[in-house]
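**Q** Got a structure here, written out as structure tokens. Questions coming.
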Amino acid sequence: MIPASFEYVRAESVDHAVSLLQEHGEEAKLLAGGHSLLPLMKLRLAQPGVLIDIGRLGDLANIRDDGDMVSIGALTHHAQIEHSPLLRQECRVVSHTAGQVGDLQVRHRGTIGGSVAHGDSASDLPTVLLAVDAVMVAHGPEGTREIPASDFFTGFWETALTDVELLTTIKVPKLPNAGWSYQKFNRRAQDWAIVGAVAVKNGTTRIGLTNMGSIPLRATAVEAALQAGASLSDAAAVAAEGTNAPADVNGSAAYREHLARVLVRRALEEAGS
Amino acid sequence: MAIAVVNRRIEVTVNGKAHVDEVEPRTLLIQYLRENLDLTGSHVGCDTSNCGACTVLLDGVSVKSCTVLAVQADECAVTTIEGLADGDTFHPVQQGFVEKHGLQCGYCTPGMIMAAVSLLDENPHPTEQEIREGIEGNLCRCTGYKNIVDAIQWAAENS
């Protein structure tokens, strides 16, 4: 399968990428690792007229200490995140989850920024970024703005990024002493999660759900139950409240709701909540 | 919208040899390797980045070349199965597949070997479990995984 024809331009800097986005408007799509976009283009589910390749903006492919946060450049590959000593020390749930994405080859090419900007609720990292209160940094014609993860995912494959903005950095808080767990359930090792659940315990416990709606979700009912003193199993029993699980070849909505309850319980137990 | 297709000049070093070509931007790396360079050792299996039959090394790390554009490999080094042996001497992973009979029909083998080379480069002494997880992106529909894992273990012990 070969994608439909497109014009290819290579961005030389972040500002150049933004000006190319302004020039080409909604015909354009940004290309990073291409592991979300190219499969869609091969299936003709996406047919952009112009591809703006940002893959060589090396400034966006690093992980650095940023005070209370760790800043992850949007072009950082999953494999780099998985093995980053800084992230393994300061925000292990993120490095661990990066290692759960796809397979080794996919993790060599796929980027955190691509995964986040693609906005697929079946992806692992967006859910974890939501649970740890990550901040997305976007650069556009007016400059830079920060978008909290809770405001970033707006719909199925939709995010708060405008057509002329580029996601440059994902900032995650340092949580060196937090309890954490990411539970991913799938049929084959390399697949997307049928359902995923993350728990992060740092004082209070925050729960996120993968593939239980059109965007990554917080399991607010579980969080409230834990705050009110419920047992782990009683809290996990309300994991499907407020969700809108999809039904597809991998399972019905009811099956996913069952998985959410089971996986949240396991995540709470592993995180030591 | 009518697209003004402009071919793009790329310079790619494949198995140590420099190539300069003009390609349509939509050309996939696997397509470029097989059709432009006649390197047909890398296979197209699923064409959806699931099966790993098209795995090659791009700047030293394993990638699925059905999900990389040839223009993305511009100014990069690519290694395919054809570039792995040193003259008549097999790479240890190739030799491991010989020693342990790590193939049945052979279709997945080039991709399996390239994935294993990258895996051992990152983790020279993997456990059996790490090997199994490391090749999770490569499917063998003969399901001959036992001998493939043995072959990679042989290579780790004989590199």
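Labeling convention for the structure tokens: chains A, B, ... as they appear, residues from 1 per chain, ligands from 1 in order of appearance.
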Within 9 Å of His19 of chain B, counting only C-alpha atoms, which residues show up once you throw out same-chain ones fewer than 6 positions away? Write them as a ChimeraX atom specification, please.

**A** /B:10-13,37

**Q** Chain B near chain A within 9 Å: what's each residue's closest atom pair and its distance in Å to one decimal, counting only C-alpha atoms, ordered by chain then ascending residue number, as CSV?

**A**
residue,atom,partner,partner_atom,distance
B:Met1,CA,A:Gly49,CA,7.4
B:Ala2,CA,A:Gly49,CA,8.4
B:Ile3,CA,A:Phe6,CA,6.1
B:Ala4,CA,A:Glu7,CA,6.7
B:Val5,CA,A:Glu7,CA,5.9
B:Val6,CA,A:Glu7,CA,6.8
B:Asn7,CA,A:Tyr8,CA,9.0
B:Arg8,CA,A:Tyr8,CA,8.2
B:Glu24,CA,A:Ser5,CA,8.2
B:Pro25,CA,A:Tyr8,CA,6.1
B:Arg26,CA,A:Pro3,CA,6.0
B:Thr27,CA,A:Ile2,CA,7.1
B:Leu28,CA,A:Ile2,CA,7.2
B:Asp47,CA,A:Met1,CA,6.7
B:Thr48,CA,A:Pro39,CA,6.4
B:Ser49,CA,A:Pro39,CA,7.7
B:Asn50,CA,A:Gln190,CA,7.8
B:Gly52,CA,A:Gln105,CA,8.2
B:Thr55,CA,A:Gln105,CA,7.8
B:Val61,CA,A:His108,CA,6.9
B:Ser62,CA,A:Gln105,CA,5.3
B:Val63,CA,A:Gln105,CA,4.6
B:Lys64,CA,A:Gln105,CA,6.2
B:Cys66,CA,A:Met1,CA,8.9
B:Thr67,CA,A:Leu38,CA,6.2
B:Val68,CA,A:Gly34,CA,7.0
B:Leu69,CA,A:Leu38,CA,8.5
B:Val71,CA,A:Tyr8,CA,8.6
B:Gln72,CA,A:Gly55,CA,7.9
B:Ala115,CA,A:Gln105,CA,7.6
B:Leu119,CA,A:Leu104,CA,8.2
B:Glu133,CA,A:Ala189,CA,8.0
B:Gly134,CA,A:Leu104,CA,6.3
B:Ile135,CA,A:Leu104,CA,7.4
B:Glu136,CA,A:Asp103,CA,6.0
B:Gly137,CA,A:Asp103,CA,5.0
B:Asn138,CA,A:Asp103,CA,8.7

**Q** Could you tell me how far atom CA of Thr168 of chain A sits from atom CA of Leu209 of chain A, in Å to one decimal place?

**A** 24.7 Å

**Q** Within 10 Å of segment 139-156 of chain B, counting only C-alpha atoms, which residues qualify if same-chain residues fewer than 3 places away don't, as a ChimeraX atom specification?

**A** /B:45-46,50-53,91-109,111-113,116-117,119-121,123-132,135-136,159

**Q** May I have the residues within 7 Å of segment 89-93 of chain A as a VMD selection string, using only C-alpha atoms and disregarding those fewer than 2 positions away in the same chain?

**A** chain A and resid 85 to 87 95 to 97 174 to 176 180 to 181

**Q** Atom CA of Val222 of chain A to atom CA of Leu263 of chain A: how many Å, to one decimal?

**A**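 Answer for the atom CA of Val222 of chain A to atom CA of Leu263 of chain A separation: 12.2 Å.
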
**Q** Tell me, which residues of segment 34-141 of chain B carry DSSP alpha helix (DSSP H), written as a list in words?

**A**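 Written out, the alpha helix (DSSP H) residues of segment 34-141 of chain B are Pro92, Val93, Gln94, Gln95, Gly96, Phe97, Val98, Glu99, Thr109, Pro110, Gly111, Met112, Ile113, Met114, Ala115, Ala116, Val117, Ser118, Leu119, Leu120, Asp121, Glu122, Glu128, Gln129, Glu130, Ile131, Arg132, Glu133 and Gly134 of chain B.
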
**Q** Enumerate as a list in words all residues of chain B assigned to strand (DSSP E or B) by DSSP on the backbone, naming them with the chain letters and numbers the document uses.

**A** Arg8, Arg9, Ile10, Glu11, Val12, Thr13, Val14, Lys17, Ala18, His19, Val20, Asp21, Glu22, Val23, Leu28, Thr55, Val56, Leu57, Leu58, Val61, Ser62, Val63, Lys64, Leu69, Ala77, Val78, Thr79, Asp86 and Thr89 of chain B

**Q** Save the residues we just selected, N, CA and C atoms, as a PDB file, in the first residue's frame?

**A**
ATOM      1  N   ARG B   8      12.077  14.031  -5.146  1.00  0.00           N
ATOM      2  CA  ARG B   8      13.055  14.555  -4.191  1.00  0.00           C
ATOM      3  C   ARG B   8      14.348  13.755  -4.325  1.00  0.00           C
ATOM      4  N   ARG B   9      15.438  14.467  -4.312  1.00  0.00           N
ATOM      5  CA  ARG B   9      16.746  13.821  -4.402  1.00  0.00           C
ATOM      6  C   ARG B   9      17.136  13.315  -3.022  1.00  0.00           C
ATOM      7  N   ILE B  10      17.529  12.060  -2.948  1.00  0.00           N
ATOM      8  CA  ILE B  10      17.976  11.511  -1.663  1.00  0.00           C
ATOM      9  C   ILE B  10      19.358  10.887  -1.828  1.00  0.00           C
ATOM     10  N   GLU B  11      20.104  10.961  -0.751  1.00  0.00           N
ATOM     11  CA  GLU B  11      21.405  10.285  -0.693  1.00  0.00           C
ATOM     12  C   GLU B  11      21.344   9.308   0.469  1.00  0.00           C
ATOM     13  N   VAL B  12      21.409   8.036   0.155  1.00  0.00           N
ATOM     14  CA  VAL B  12      21.284   7.013   1.187  1.00  0.00           C
ATOM     15  C   VAL B  12      22.462   6.052   1.061  1.00  0.00           C
ATOM     16  N   THR B  13      23.074   5.743   2.168  1.00  0.00           N
ATOM     17  CA  THR B  13      24.140   4.735   2.167  1.00  0.00           C
ATOM     18  C   THR B  13      23.514   3.402   2.554  1.00  0.00           C
ATOM     19  N   VAL B  14      23.516   2.474   1.621  1.00  0.00           N
ATOM     20  CA  VAL B  14      22.883   1.184   1.871  1.00  0.00           C
ATOM     21  C   VAL B  14      23.960   0.105   1.839  1.00  0.00           C
ATOM     22  N   LYS B  17      27.296   1.271   0.700  1.00  0.00           N
ATOM     23  CA  LYS B  17      27.456   1.857  -0.628  1.00  0.00           C
ATOM     24  C   LYS B  17      26.538   3.074  -0.771  1.00  0.00           C
ATOM     25  N   ALA B  18      27.091   4.193  -1.216  1.00  0.00           N
ATOM     26  CA  ALA B  18      26.309   5.423  -1.345  1.00  0.00           C
ATOM     27  C   ALA B  18      25.430   5.369  -2.594  1.00  0.00           C
ATOM     28  N   HIS B  19      24.196   5.773  -2.448  1.00  0.00           N
ATOM     29  CA  HIS B  19      23.260   5.839  -3.569  1.00  0.00           C
ATOM     30  C   HIS B  19      22.662   7.237  -3.622  1.00  0.00           C
ATOM     31  N   VAL B  20      22.573   7.788  -4.803  1.00  0.00           N
ATOM     32  CA  VAL B  20      21.873   9.051  -5.010  1.00  0.00           C
ATOM     33  C   VAL B  20      20.736   8.763  -5.981  1.00  0.00           C
ATOM     34  N   ASP B  21      19.527   9.107  -5.568  1.00  0.00           N
ATOM     35  CA  ASP B  21      18.363   8.810  -6.400  1.00  0.00           C
ATOM     36  C   ASP B  21      17.349   9.936  -6.291  1.00  0.00           C
ATOM     37  N   GLU B  22      16.464   9.974  -7.262  1.00  0.00           N
ATOM     38  CA  GLU B  22      15.309  10.863  -7.170  1.00  0.00           C
ATOM     39  C   GLU B  22      14.084   9.986  -6.961  1.00  0.00           C
ATOM     40  N   VAL B  23      13.342  10.275  -5.925  1.00  0.00           N
ATOM     41  CA  VAL B  23      12.170   9.443  -5.621  1.00  0.00           C
ATOM     42  C   VAL B  23      10.945  10.326  -5.424  1.00  0.00           C
ATOM     43  N   LEU B  28       7.934   4.350  -0.216  1.00  0.00           N
ATOM     44  CA  LEU B  28       8.291   3.773   1.074  1.00  0.00           C
ATOM     45  C   LEU B  28       9.727   3.266   1.022  1.00  0.00           C
ATOM     46  N   THR B  55      11.849  -5.450   8.348  1.00  0.00           N
ATOM     47  CA  THR B  55      12.779  -4.799   9.285  1.00  0.00           C
ATOM     48  C   THR B  55      14.174  -4.636   8.680  1.00  0.00           C
ATOM     49  N   VAL B  56      14.697  -3.426   8.748  1.00  0.00           N
ATOM     50  CA  VAL B  56      16.078  -3.112   8.356  1.00  0.00           C
ATOM     51  C   VAL B  56      16.664  -2.235   9.463  1.00  0.00           C
ATOM     52  N   LEU B  57      17.957  -1.996   9.395  1.00  0.00           N
ATOM     53  CA  LEU B  57      18.572  -1.064  10.339  1.00  0.00           C
ATOM     54  C   LEU B  57      18.661   0.303   9.679  1.00  0.00           C
ATOM     55  N   LEU B  58      18.179   1.320  10.380  1.00  0.00           N
ATOM     56  CA  LEU B  58      18.283   2.705   9.910  1.00  0.00           C
ATOM     57  C   LEU B  58      19.160   3.433  10.921  1.00  0.00           C
ATOM     58  N   VAL B  61      19.635   1.175  14.053  1.00  0.00           N
ATOM     59  CA  VAL B  61      18.567   0.597  14.877  1.00  0.00           C
ATOM     60  C   VAL B  61      17.456   0.041  13.989  1.00  0.00           C
ATOM     61  N   SER B  62      16.794  -0.993  14.501  1.00  0.00           N
ATOM     62  CA  SER B  62      15.781  -1.677  13.707  1.00  0.00           C
ATOM     63  C   SER B  62      14.550  -0.801  13.507  1.00  0.00           C
ATOM     64  N   VAL B  63      14.066  -0.781  12.275  1.00  0.00           N
ATOM     65  CA  VAL B  63      12.826  -0.073  11.940  1.00  0.00           C
ATOM     66  C   VAL B  63      12.044  -0.933  10.953  1.00  0.00           C
ATOM     67  N   LYS B  64      10.752  -0.647  10.880  1.00  0.00           N
ATOM     68  CA  LYS B  64       9.911  -1.346   9.906  1.00  0.00           C
ATOM     69  C   LYS B  64       9.859  -0.475   8.655  1.00  0.00           C
ATOM     70  N   LEU B  69       9.301   6.562   5.071  1.00  0.00           N
ATOM     71  CA  LEU B  69       9.417   7.051   3.697  1.00  0.00           C
ATOM     72  C   LEU B  69      10.887   7.061   3.289  1.00  0.00           C
ATOM     73  N   ALA B  77      22.132   5.927   7.004  1.00  0.00           N
ATOM     74  CA  ALA B  77      22.729   4.644   6.626  1.00  0.00           C
ATOM     75  C   ALA B  77      21.712   3.541   6.862  1.00  0.00           C
ATOM     76  N   VAL B  78      21.529   2.696   5.856  1.00  0.00           N
ATOM     77  CA  VAL B  78      20.593   1.574   5.948  1.00  0.00           C
ATOM     78  C   VAL B  78      21.388   0.279   5.833  1.00  0.00           C
ATOM     79  N   THR B  79      21.060  -0.678   6.684  1.00  0.00           N
ATOM     80  CA  THR B  79      21.640  -2.018   6.545  1.00  0.00           C
ATOM     81  C   THR B  79      20.498  -3.002   6.336  1.00  0.00           C
ATOM     82  N   ASP B  86      30.037 -10.721   6.459  1.00  0.00           N
ATOM     83  CA  ASP B  86      31.346 -10.149   6.147  1.00  0.00           C
ATOM     84  C   ASP B  86      31.993 -11.064   5.100  1.00  0.00           C
ATOM     85  N   THR B  89      31.663 -14.846   5.450  1.00  0.00           N
ATOM     86  CA  THR B  89      31.446 -15.178   6.866  1.00  0.00           C
ATOM     87  C   THR B  89      30.128 -14.590   7.340  1.00  0.00           C
TER      88      THR B  89
END

**Q** Find the spatial neighbours of Leu129 of chain A, counting only C-alpha atoms, within a cut-off of 12 Å - ignore same-chain residues fewer than 5 positions away - and output them as number ranges by chain.

**A** A: 72, 91-95, 97-98, 112-113, 115-116, 119, 121, 123-124, 134-136, 148-153, 170-173, 182, 198-200, 206-210, 216-218

**Q** Go through A:Ala267, A:Trp157, A:Asn177, A:Ala230 one by one, measure the shortest atom-to-atom distance of each to Ser214 of chain A using only C-alpha atoms, and give the residue with the smallest value.

**A**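 Looking only at the distances to Ser214 of chain A, the closest residue turns out to be A:Trp157.
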
**Q** How far is it from atom CA of Pro110 of chain B to atom CA of Asp59 of chain B, in Å with one decimal?

**A**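 About the pair atom CA of Pro110 of chain B and atom CA of Asp59 of chain B: they are 17.6 Å apart.
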